[in-house]
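> To start, I am sharing the structure in question, which I have written as structure tokens.
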Amino acid sequence: MESKNLYERIFLRTGIIILSILFLIFLAPPLVDAMMPIILALALVALLTPLIKRIDDLLPIKHTIISYIVGTILLIVILFLLIWFTQFIVNQVSGLIGNIIGNWDKIVSSTNEWINSVNSQINLLPDFVSNAIRSGLDALYQFLGNLQKNAVNITLGFTTAFINTSNDIIFFAITFIVAFYIILGDMELVTLKYHSKFSERTKKNFSLIRSVFKNSTWNYIKSQLKLALLCAVIMAIALKILGQQYFIPVALLLGFLDLLPMIGPIILMLPWSVVELFVFNNTYKGVGLLIVLFIWTGLRQVISPKVIGSSANIHPILSVISLYAGLRLFGISGAVFFPVILIFIVGIYRSGIIDNWIYDYKLFFDYIGDTLNIGKRNLKVPDED
């Protein structure tokens, strides 16, 4: 009877795991995309809730009125910040692309000189090495030959895409605002129904999951955003000192790259410094980029454990697996969010919520091992030298 109950639990647990994986891979991405304005509205209301409760305790005003006032002020501030930031970034990116196009002849000339100098020296190398280098140089030359046209096409494509998606943006904003005010108005009612409709056991499980999310996943998200922001600020200051024009978009890109586990700004700054050193002969900027990269890498290794904490820390190999799997399955967004999902799963494991699951699977695999072991093995393992 006990074995039958074990098999039933294993069957149910395995089915839940398979369905959960299928849901995350096939249904979760389109659902999240479709529900994104509502998800953002829920997240914003959740962030506002502590502030609204404090104001509600201080002022003798109806809770709903306080919620609407605080929410409206926040939306106005967010709107002005978005308008300013979007205009600033568009101006910076347009200036950066214009600067590349304006200095195109100088870029091509410097690159040609470097390619010619390399070609004159690689004849001393073995044939297979020189052929590989020439193939790489030819690819680089073709890439640079198309870069100016690509820069113009990217600018035109971005403008066209922005115009074509303007209706979607407006619809997204309207849905977000409507959902935000509906959730704000019903927040108190939802809280009362939560306490009255759910059992104490269910509320305890929800509380435990919320605690795990807050202490591991949310802590990881906040810490990664803080580190990315710090990276962007340091890179912006360093690039400004090094004389990089339109440094803000580049610094923001480096900050975004810092969000990717095990990759970071090195994927851009290292080849950039090599190009500055050997193609443009700009020793000051090339060495400066390397110094900034080494300083940030060392600084991040020092402050990262303190910022992230042990509750949101995972083994590096798990970070690599989640990064690669997310990138292969869903692209850049998967590379960013898969480590977050893994952090949550590890947090659930460490919390003890799934201890019953682990115990059942341990019993099941022990039973399989005992069943397959018929006692006829004659192992002869040689001694180590």
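Just remember, in the structure tokens the first chain shown is A, the second B, etc., residues are 1-based per chain, and ligands are 1-based in the order shown.
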Quick one: residues within 9 Å of Leu257 of chain A, only C-alpha atoms counted, chain neighbours fewer than 5 positions away excluded, as a list of chain:residue names?

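The residues that qualify are A:Ala228, A:Leu252, A:Ile263, A:Gly264, A:Pro265, A:Ile266, A:Ile267, A:Leu268.
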
> Would you mind listing what lies within 9 Å of Met187 of chain A as a ChimeraX atom specification, with only C-alpha atoms counted and same-chain residues fewer than 3 positions away left out?

/A:45,49,64,67,182-184,190-192

> For atom CA of His63 of chain A and atom CA of Glu188 of chain A, quote the distance in Å rounded to one decimal.

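Taking atom CA of His63 of chain A as the start and atom CA of Glu188 of chain A as the end point, the length is 8.0 Å.
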
> With only C-alpha atoms as the counted atoms, please give the residues lying no more than 10 Å from Met36 of chain A, apart from itself and same-chain residues fewer than 5 positions off, as a short mmCIF file (atom, residue, chain, number, x, y, z; two decimals) with all heavy atoms, in the first residue's frame.


data_model
loop_
_atom_site.label_atom_id
_atom_site.label_comp_id
_atom_site.auth_asym_id
_atom_site.auth_seq_id
_atom_site.Cartn_x
_atom_site.Cartn_y
_atom_site.Cartn_z
N PRO A 30 4.33 34.05 -24.44
CA PRO A 30 3.25 34.84 -25.06
C PRO A 30 2.27 35.41 -24.04
O PRO A 30 1.74 36.51 -24.23
CB PRO A 30 2.56 33.83 -25.99
CG PRO A 30 2.96 32.49 -25.50
CD PRO A 30 4.30 32.65 -24.92
N LEU A 31 2.02 34.69 -22.93
CA LEU A 31 1.12 35.21 -21.91
C LEU A 31 1.71 36.44 -21.23
O LEU A 31 1.00 37.43 -21.00
CB LEU A 31 0.84 34.13 -20.86
CG LEU A 31 -0.20 33.07 -21.24
CD1 LEU A 31 -0.32 32.04 -20.12
CD2 LEU A 31 -1.56 33.71 -21.50
N ALA A 41 1.43 47.18 -14.10
CA ALA A 41 0.53 47.89 -13.19
C ALA A 41 0.51 47.24 -11.82
O ALA A 41 0.56 47.92 -10.78
CB ALA A 41 -0.88 47.93 -13.79
N LEU A 42 0.45 45.91 -11.77
CA LEU A 42 0.48 45.18 -10.50
C LEU A 42 1.79 45.44 -9.75
O LEU A 42 1.78 45.67 -8.52
CB LEU A 42 0.32 43.68 -10.75
CG LEU A 42 -1.10 43.17 -11.01
CD1 LEU A 42 -1.04 41.72 -11.49
CD2 LEU A 42 -1.94 43.27 -9.75
N PHE A 172 -0.86 50.20 -25.43
CA PHE A 172 -0.17 49.68 -24.25
C PHE A 172 -0.28 50.66 -23.09
O PHE A 172 -0.58 50.28 -21.95
CB PHE A 172 1.29 49.42 -24.59
CG PHE A 172 2.11 48.82 -23.47
CD1 PHE A 172 2.28 47.45 -23.37
CD2 PHE A 172 2.70 49.64 -22.51
CE1 PHE A 172 3.02 46.91 -22.34
CE2 PHE A 172 3.43 49.10 -21.48
CZ PHE A 172 3.60 47.73 -21.40
N THR A 175 -3.91 50.81 -21.73
CA THR A 175 -4.20 49.60 -20.95
C THR A 175 -3.51 49.64 -19.60
O THR A 175 -4.10 49.29 -18.56
CB THR A 175 -3.76 48.35 -21.72
OG1 THR A 175 -4.37 48.35 -23.02
CG2 THR A 175 -4.17 47.09 -20.99
N PHE A 176 -2.26 50.08 -19.60
CA PHE A 176 -1.51 50.16 -18.34
C PHE A 176 -2.16 51.15 -17.37
O PHE A 176 -2.33 50.84 -16.18
CB PHE A 176 -0.08 50.59 -18.63
CG PHE A 176 0.70 51.00 -17.42
CD1 PHE A 176 1.18 50.05 -16.53
CD2 PHE A 176 0.93 52.35 -17.16
CE1 PHE A 176 1.90 50.44 -15.40
CE2 PHE A 176 1.63 52.73 -16.03
CZ PHE A 176 2.12 51.78 -15.15
#

> Using backbone DSSP assignments, extract all alpha helix (DSSP H) residues from segment 171-310 of chain A; output them as a ChimeraX atom specification.

/A:171-197,200-212,219-241,247-257,266-278,283-308

> What's the separation between atom CA of Gly347 of chain A and atom CA of Lys214 of chain A, in Å to one decimal place?

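The value is 9.8 Å.
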
> Leaving out Leu259 of chain A and any residue of its chain fewer than 2 positions from it, which residues lie within 10 Å of it when counting only C-alpha atoms, given as a PyMOL selection string?

chain A and resi 221+224-229+231+254-257+261-265+335-337

> Can I get the selected residues back with N, CA, C and O atoms, as a compact mmCIF listing (two decimals), in the first residue's frame?


# COMPACT_ATOMS: atom_id res chain seq x y z
N ILE A 221 17.26 40.67 -8.25
CA ILE A 221 16.89 41.66 -9.27
C ILE A 221 17.36 43.04 -8.86
O ILE A 221 17.98 43.78 -9.66
N GLN A 224 21.21 43.28 -9.02
CA GLN A 224 21.71 43.33 -10.39
C GLN A 224 21.46 44.69 -11.02
O GLN A 224 22.31 45.22 -11.74
N LEU A 225 20.28 45.27 -10.75
CA LEU A 225 19.98 46.61 -11.28
C LEU A 225 20.90 47.66 -10.66
O LEU A 225 21.36 48.58 -11.36
N LYS A 226 21.19 47.53 -9.37
CA LYS A 226 22.11 48.47 -8.73
C LYS A 226 23.50 48.37 -9.33
O LYS A 226 24.15 49.39 -9.61
N LEU A 227 23.98 47.13 -9.52
CA LEU A 227 25.30 46.94 -10.10
C LEU A 227 25.35 47.44 -11.54
O LEU A 227 26.35 48.04 -11.97
N ALA A 228 24.28 47.20 -12.31
CA ALA A 228 24.24 47.67 -13.70
C ALA A 228 24.23 49.20 -13.75
O ALA A 228 24.90 49.81 -14.60
N LEU A 229 23.47 49.82 -12.84
CA LEU A 229 23.45 51.29 -12.78
C LEU A 229 24.81 51.84 -12.40
O LEU A 229 25.30 52.82 -13.00
N CYS A 231 27.65 50.37 -12.88
CA CYS A 231 28.52 50.14 -14.04
C CYS A 231 28.32 51.23 -15.09
O CYS A 231 29.30 51.77 -15.62
N LEU A 254 26.80 49.20 -21.94
CA LEU A 254 27.70 48.46 -21.06
C LEU A 254 27.00 48.09 -19.76
O LEU A 254 27.22 47.00 -19.21
N GLY A 255 26.14 48.99 -19.26
CA GLY A 255 25.36 48.66 -18.07
C GLY A 255 24.41 47.51 -18.31
O GLY A 255 24.23 46.64 -17.44
N PHE A 256 23.79 47.48 -19.50
CA PHE A 256 22.91 46.35 -19.84
C PHE A 256 23.69 45.06 -19.94
O PHE A 256 23.25 44.01 -19.47
N LEU A 257 24.87 45.10 -20.56
CA LEU A 257 25.69 43.90 -20.68
C LEU A 257 26.10 43.37 -19.30
O LEU A 257 26.29 42.17 -19.13
N PRO A 261 24.85 37.36 -16.76
CA PRO A 261 25.81 36.63 -15.93
C PRO A 261 26.96 36.06 -16.75
O PRO A 261 26.77 35.57 -17.86
N MET A 262 28.17 36.13 -16.18
CA MET A 262 29.37 35.53 -16.76
C MET A 262 29.81 36.19 -18.06
O MET A 262 30.73 35.71 -18.71
N ILE A 263 29.17 37.28 -18.49
CA ILE A 263 29.57 37.97 -19.72
C ILE A 263 30.04 39.37 -19.36
O ILE A 263 31.21 39.66 -19.30
N GLY A 264 29.11 40.27 -19.11
CA GLY A 264 29.44 41.60 -18.67
C GLY A 264 30.04 42.48 -19.76
O GLY A 264 30.09 42.12 -20.94
N PRO A 265 30.55 43.66 -19.38
CA PRO A 265 31.08 44.63 -20.34
C PRO A 265 32.30 44.16 -21.10
O PRO A 265 32.66 44.76 -22.11
N ALA A 335 18.22 35.34 -21.89
CA ALA A 335 19.49 35.41 -21.18
C ALA A 335 19.39 36.27 -19.93
O ALA A 335 20.11 36.04 -18.95
N VAL A 336 18.49 37.26 -19.93
CA VAL A 336 18.31 38.13 -18.77
C VAL A 336 17.41 37.48 -17.73
O VAL A 336 17.71 37.50 -16.52
N PHE A 337 16.29 36.85 -18.17
CA PHE A 337 15.27 36.39 -17.23
C PHE A 337 15.46 34.94 -16.77
O PHE A 337 14.98 34.58 -15.70

> Could you please determine the separation between atom CA of Gln244 of chain A and atom CA of Trp84 of chain A in Å, to one decimal place?

22.4 Å

> Residues within 8 Å of Gly71 of chain A, please, as a list in words. Count only C-alpha atoms; anything in the same chain fewer than 2 positions from it doesn't count.

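In the requested format, the answer is Leu48, Ser67, Tyr68, Ile69, Ile73, Leu74, Leu75, Tyr181 and Leu184 of chain A.
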
> When you look at Ala236 of chain A with a cut-off of 7 Å (counting only C-alpha atoms), what residues show up, excluding the ones that are within fewer than 2 positions of it in the same chain? I need them as a list in words.

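In the requested form, the answer reads Ala232, Val233, Ile234, Ala238, Leu239, Lys240, Phe247, Ile248 and Ala251 of chain A.
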